[in-house]
Amino acid sequence: MATGPDQQKTPQFNLAWIVLLALLAIVLVTPLFRSQETEVTVPYSDFKERVAEGSLSEVRIDQTSATGFARTGLAEQTQIHAVLPAQPDPAFLPLLEEHGVTVTAVNASNSALWAYLLPWMVILGFYLWITTRMRSGMAGMPRGMGDLMGGRFMKPAEQHRRITFDDVAGQDTAKREVAELVEFLRDPDRFARVGAEVPHGVLLMGPPGTGKTLLARALAGEAEVPFFSTSGSEFIEVFVGVGAGRVRRMFEAARKAAPAIIFIDELDSIGRTRGADLGGGHDEREQTLNQILAELDGFSGKEAVVVLAATNRPDVLDPALLRPGRFDRHVTLNLPDKAARRAILDIHAKDLPLAAEVDLDRTAAGTPGFSGADLKNLLNEAAITAARKAADAISAADIDEARDKVMMGTVRTLAIQPEEKHRLAVHEAGHTAVAYFLPEADSVHKVTIIPRGQALGGTHMLPENERHTLPEAYLKAQLATLLAGWAAEKLLLSSVSSGADDDIRRATALARSMVARWGMDPNIGPMDLRSSDDHPFLGQSIAKPREYADVTAGQVDMGVLDLLKTAEARAMELLTANKDRLGVLIARLEQEETLDAAGISDCLDPDNITPFHRKPAKT
């Protein structure tokens, strides 16, 4: 592995803290020196007697007290202290003069002086700390690298366990797109000899948890180069110019350590469209973004520094970031499919004690839509569940419990009345029955009336195959399944409840997308009538006028209503035709509270009891 710069920390002496600590030390130490002198406080009358006896050689008087110093060898106490009376004593000064005592007037006591100076010391220390931080940032600078405003800003690859492309599973396409950067960083002269310039800016895009940061670290591990890692939020400060200075120092350090990689996570936090925010265009974020653009333009074709950035909101980035010469290579990391999920599970499960009955293929098939981070969390939750039971290995039941916890939340303990439990069973059985009898719908994996998270029950469905497009027939089956719980309550209980709130919301949103986005309404056709998805605080405009007439908006509403009414009628027809089987499912669900695919098939089709439910052929 290539050796990086010297990582020993040099002593950092912050001027502001040194000044502030020195002043505070003076304040604290001065009373200690005073206490070393022998001093006693006596009544005012005793003080006058000491003067009359001739035992004091000097008296220092301030506004409220008098301090006397004894003549050498006349008393054990070298100092005596007395508080002066509120009313002035006209005989006190003549008494001092009569006995030859030296009188010294003091404007104020030392304590009053320090009480006056201490606030100014604190203000001075705070001012010096602020100015020092603005100039050179926080401590933690590696030797020879420049001040990167804290140790989090530079994490050379050799400081971590070496991560390579073998540690990144399920993103083969993304790995191929960045693989040539490894050769460039290992031997940049080979590219320079033929005049080739490898892109200096690579933007990693994708949903959260898909492995953007992991891929960046793997690229550094494969190339064996220093890895400068930071987040976009690290650059933002209250003081304008601090973020721009941090950017300059980071790029300067990377150039000195070249070949090297700079990784900026959450680029959208500083790279949003300029000039569109409510606060105007002269804030700290935009100054930082301008500096990043300038640094990217400053790269020459021979500099072996690659800048990687990650974001899950590429739509809000400033166009200047994406033009050729800056972040002109875009690498998309998608949610993994079934095969990719299995590969990810293999990586995270290699050090876990799995029981013999655990089938990772079944786990991969049962986790559609999970990202790599979700799968790692799934196995971790399963390990925690096994540890709570004091088990030596993770069982298939532990993984199933962990999946339910990740997807639906933790089990809640609620005192549910029998009437409410029956309504929950009716509602969930409605979803399950309609999904079971509709050939176009996904297969039902599990149904439960045990409260989890925010839901009182749930029906978990799994697609038989990975879907990349959504056909109209499948979407209409989804609508019927969503409204089936509401329809079952209406059919069997003659009333509905608020339990269908989330179902109705999701069904309405899906129907509106079918009408206004996907052209599935015959009266409107292929016309994009969606509402604006822009957010004003993410760099977009505050208000966007509607680009279609009120009549068209009414047609969209009628199209949505027609889809929902048709789906309701379809669900009601299926439930009415299979009312007897629905009753069996409701009774068993009330009794067992959770049913798997085999139990559901047993209730709805006694002749088709299989471990994995297969839908009947469409007639």
# chains A, B, ... in the order shown; residues from 1 in each chain; ligands from 1
call {"tool": "select_by_dssp", "arguments": {"residues": "segment 215-403 of chain A", "states": "strand (DSSP E or B)", "output": "VMD selection string"}}
result
chain A and resid 227 to 231 260 to 265 272 305 to 311 317 329 to 332 354 394
call {"tool": "select_by_dssp", "arguments": {"residues": "segment 351-515 of chain A", "states": "alpha helix (DSSP H)", "output": "MDAnalysis selection string"}}
result
chainID A and resid 360:365 372:388 396:408 418:437 472:482 484:493 501:515
call {"tool": "residues_around", "arguments": {"residues": "segment 171-184 of chain A", "least_positions_apart": "2", "cutoff": "7 Å", "atoms": "only C-alpha atoms", "output": "list of chain:residue names"}}
result
A:Val168, A:Ala169, A:Arg186, A:Asp187, A:Pro188, A:Phe191, A:Leu219, A:Glu222, A:Ala223, A:Val331, A:Thr332, A:Leu333
